[in-house]
Amino acid sequence: MKYVYAFREGGKEQKFLLGGKGANLAEMTKLGLPVPPGFTISTDASKAYMAADDSIPDGLMEEVGAALTQLETNMG
């Protein structure tokens, strides 16, 4: 399961996956508004965390690390 989404990957139609703020940041990015590059950790990650008695879901930290590396690369 994927937990991390770059702003450029989402949109307003993914509100239940990205949360309200994440979906709106993705939509603003899609529209070409001046939004700094970034990513959102999905609501699925939060649900998995709560379901596992406050244990970080498998693969989440690796996805965050990869997203940070990609963000650093994109920012130069």
# chains A, B, ... in the order shown; residues from 1 in each chain; ligands from 1
>>> residues_around(residues="Ala45 of chain A", least_positions_apart="4", cutoff="9 Å", atoms="only C-alpha atoms", output="MDAnalysis selection string")
chainID A and resid 2:4 41 49:50 56:57 60
>>> write_last_selection(atoms="all heavy atoms", output="PDB file, in the first residue's frame")
ATOM      1  N   LYS A   2       0.522   2.190  -0.795  1.00  0.00           N
ATOM      2  CA  LYS A   2       1.275   3.441  -0.882  1.00  0.00           C
ATOM      3  C   LYS A   2       0.743   4.425   0.158  1.00  0.00           C
ATOM      4  O   LYS A   2      -0.476   4.572   0.314  1.00  0.00           O
ATOM      5  CB  LYS A   2       1.121   4.019  -2.298  1.00  0.00           C
ATOM      6  CG  LYS A   2       1.899   5.285  -2.508  1.00  0.00           C
ATOM      7  CD  LYS A   2       1.828   5.740  -3.946  1.00  0.00           C
ATOM      8  CE  LYS A   2       2.546   7.063  -4.065  1.00  0.00           C
ATOM      9  NZ  LYS A   2       2.739   7.485  -5.412  1.00  0.00           N
ATOM     10  N   TYR A   3       1.662   5.105   0.854  1.00  0.00           N
ATOM     11  CA  TYR A   3       1.274   6.043   1.906  1.00  0.00           C
ATOM     12  C   TYR A   3       1.657   7.495   1.618  1.00  0.00           C
ATOM     13  O   TYR A   3       1.118   8.400   2.243  1.00  0.00           O
ATOM     14  CB  TYR A   3       1.912   5.652   3.234  1.00  0.00           C
ATOM     15  CG  TYR A   3       1.405   4.351   3.815  1.00  0.00           C
ATOM     16  CD1 TYR A   3       2.265   3.296   4.057  1.00  0.00           C
ATOM     17  CD2 TYR A   3       0.063   4.179   4.133  1.00  0.00           C
ATOM     18  CE1 TYR A   3       1.817   2.112   4.611  1.00  0.00           C
ATOM     19  CE2 TYR A   3      -0.404   3.001   4.685  1.00  0.00           C
ATOM     20  CZ  TYR A   3       0.480   1.970   4.919  1.00  0.00           C
ATOM     21  OH  TYR A   3       0.024   0.793   5.455  1.00  0.00           O
ATOM     22  N   VAL A   4       2.615   7.720   0.729  1.00  0.00           N
ATOM     23  CA  VAL A   4       3.141   9.069   0.508  1.00  0.00           C
ATOM     24  C   VAL A   4       2.866   9.502  -0.929  1.00  0.00           C
ATOM     25  O   VAL A   4       3.164   8.763  -1.871  1.00  0.00           O
ATOM     26  CB  VAL A   4       4.660   9.112   0.807  1.00  0.00           C
ATOM     27  CG1 VAL A   4       5.228  10.491   0.534  1.00  0.00           C
ATOM     28  CG2 VAL A   4       4.922   8.711   2.262  1.00  0.00           C
ATOM     29  N   ILE A  41       1.379  12.672   3.591  1.00  0.00           N
ATOM     30  CA  ILE A  41       1.248  11.306   4.096  1.00  0.00           C
ATOM     31  C   ILE A  41      -0.252  11.041   4.175  1.00  0.00           C
ATOM     32  O   ILE A  41      -0.999  11.801   4.787  1.00  0.00           O
ATOM     33  CB  ILE A  41       1.922  11.140   5.462  1.00  0.00           C
ATOM     34  CG1 ILE A  41       3.420  11.422   5.338  1.00  0.00           C
ATOM     35  CG2 ILE A  41       1.665   9.759   6.033  1.00  0.00           C
ATOM     36  CD1 ILE A  41       4.175  11.444   6.646  1.00  0.00           C
ATOM     37  N   TYR A  49      -1.769   3.169  11.290  1.00  0.00           N
ATOM     38  CA  TYR A  49      -1.094   3.458  12.559  1.00  0.00           C
ATOM     39  C   TYR A  49      -2.018   3.171  13.741  1.00  0.00           C
ATOM     40  O   TYR A  49      -1.648   2.514  14.702  1.00  0.00           O
ATOM     41  CB  TYR A  49      -0.630   4.915  12.558  1.00  0.00           C
ATOM     42  CG  TYR A  49      -0.005   5.384  13.833  1.00  0.00           C
ATOM     43  CD1 TYR A  49       1.324   5.092  14.124  1.00  0.00           C
ATOM     44  CD2 TYR A  49      -0.726   6.144  14.745  1.00  0.00           C
ATOM     45  CE1 TYR A  49       1.911   5.533  15.295  1.00  0.00           C
ATOM     46  CE2 TYR A  49      -0.145   6.599  15.915  1.00  0.00           C
ATOM     47  CZ  TYR A  49       1.167   6.285  16.188  1.00  0.00           C
ATOM     48  OH  TYR A  49       1.748   6.726  17.354  1.00  0.00           O
ATOM     49  N   MET A  50      -3.241   3.672  13.642  1.00  0.00           N
ATOM     50  CA  MET A  50      -4.199   3.476  14.738  1.00  0.00           C
ATOM     51  C   MET A  50      -4.621   2.010  14.860  1.00  0.00           C
ATOM     52  O   MET A  50      -4.792   1.497  15.960  1.00  0.00           O
ATOM     53  CB  MET A  50      -5.411   4.374  14.547  1.00  0.00           C
ATOM     54  CG  MET A  50      -5.082   5.845  14.761  1.00  0.00           C
ATOM     55  SD  MET A  50      -6.501   6.933  14.701  1.00  0.00           S
ATOM     56  CE  MET A  50      -6.909   6.878  12.965  1.00  0.00           C
ATOM     57  N   ILE A  56       4.073   2.390  13.667  1.00  0.00           N
ATOM     58  CA  ILE A  56       4.275   2.945  12.330  1.00  0.00           C
ATOM     59  C   ILE A  56       4.120   1.827  11.300  1.00  0.00           C
ATOM     60  O   ILE A  56       4.743   0.772  11.432  1.00  0.00           O
ATOM     61  CB  ILE A  56       5.661   3.605  12.223  1.00  0.00           C
ATOM     62  CG1 ILE A  56       5.717   4.814  13.158  1.00  0.00           C
ATOM     63  CG2 ILE A  56       5.957   4.016  10.786  1.00  0.00           C
ATOM     64  CD1 ILE A  56       7.074   5.453  13.264  1.00  0.00           C
ATOM     65  N   PRO A  57       3.282   2.046  10.283  1.00  0.00           N
ATOM     66  CA  PRO A  57       3.058   1.004   9.270  1.00  0.00           C
ATOM     67  C   PRO A  57       4.345   0.636   8.533  1.00  0.00           C
ATOM     68  O   PRO A  57       5.196   1.490   8.286  1.00  0.00           O
ATOM     69  CB  PRO A  57       2.065   1.650   8.295  1.00  0.00           C
ATOM     70  CG  PRO A  57       1.480   2.818   9.006  1.00  0.00           C
ATOM     71  CD  PRO A  57       2.483   3.244  10.028  1.00  0.00           C
ATOM     72  N   LEU A  60       6.344   2.823   5.676  1.00  0.00           N
ATOM     73  CA  LEU A  60       6.054   4.258   5.706  1.00  0.00           C
ATOM     74  C   LEU A  60       7.327   5.092   5.769  1.00  0.00           C
ATOM     75  O   LEU A  60       7.495   6.033   4.991  1.00  0.00           O
ATOM     76  CB  LEU A  60       5.138   4.619   6.874  1.00  0.00           C
ATOM     77  CG  LEU A  60       4.867   6.115   7.069  1.00  0.00           C
ATOM     78  CD1 LEU A  60       4.231   6.736   5.822  1.00  0.00           C
ATOM     79  CD2 LEU A  60       3.996   6.356   8.291  1.00  0.00           C
TER      80      LEU A  60
END
>>> residues_around(residues="Leu17 of chain A", least_positions_apart="2", cutoff="6 Å", atoms="only C-alpha atoms", output="ChimeraX atom specification")
/A:14-15,19,42-43
>>> write_last_selection(atoms="N, CA and C atoms", output="short mmCIF file (atom, residue, chain, number, x, y, z; two decimals), in the first residue's frame")
data_model
loop_
_atom_site.label_atom_id
_atom_site.label_comp_id
_atom_site.auth_asym_id
_atom_site.auth_seq_id
_atom_site.Cartn_x
_atom_site.Cartn_y
_atom_site.Cartn_z
N GLN A 14 -9.30 13.54 -4.31
CA GLN A 14 -8.69 12.58 -3.39
C GLN A 14 -8.73 13.04 -1.94
N LYS A 15 -9.74 13.81 -1.60
CA LYS A 15 -9.85 14.37 -0.25
C LYS A 15 -9.81 13.30 0.84
N GLY A 19 -6.59 13.87 2.78
CA GLY A 19 -7.06 14.83 3.76
C GLY A 19 -7.38 16.14 3.05
N SER A 42 -0.69 9.98 3.54
CA SER A 42 -2.12 9.72 3.37
C SER A 42 -2.85 9.40 4.67
N THR A 43 -4.15 9.52 4.58
CA THR A 43 -5.00 9.14 5.71
C THR A 43 -4.94 7.63 5.93
#
>>> select_by_dssp(residues="chain A", states="alpha helix (DSSP H)", output="number ranges by chain")
A: 15-30, 43-51, 60-75
>>> select_by_dssp(residues="chain A", states="strand (DSSP E or B)", output="ChimeraX atom specification")
/A:4-6,39-41
>>> write_last_selection(atoms="N, CA and C atoms", output="short mmCIF file (atom, residue, chain, number, x, y, z; two decimals), in the first residue's frame")
data_model
loop_
_atom_site.label_atom_id
_atom_site.label_comp_id
_atom_site.auth_asym_id
_atom_site.auth_seq_id
_atom_site.Cartn_x
_atom_site.Cartn_y
_atom_site.Cartn_z
N VAL A 4 2.62 7.72 0.73
CA VAL A 4 3.14 9.07 0.51
C VAL A 4 2.87 9.50 -0.93
N TYR A 5 2.31 10.70 -1.08
CA TYR A 5 1.94 11.23 -2.39
C TYR A 5 2.52 12.64 -2.55
N ALA A 6 3.26 12.85 -3.63
CA ALA A 6 3.75 14.20 -3.95
C ALA A 6 2.55 15.06 -4.30
N PHE A 39 4.94 16.91 -0.19
CA PHE A 39 4.22 15.65 -0.24
C PHE A 39 3.30 15.54 0.96
N THR A 40 2.35 14.63 0.84
CA THR A 40 1.38 14.38 1.89
C THR A 40 1.46 12.91 2.30
N ILE A 41 1.38 12.67 3.59
CA ILE A 41 1.25 11.31 4.10
C ILE A 41 -0.25 11.04 4.18
#
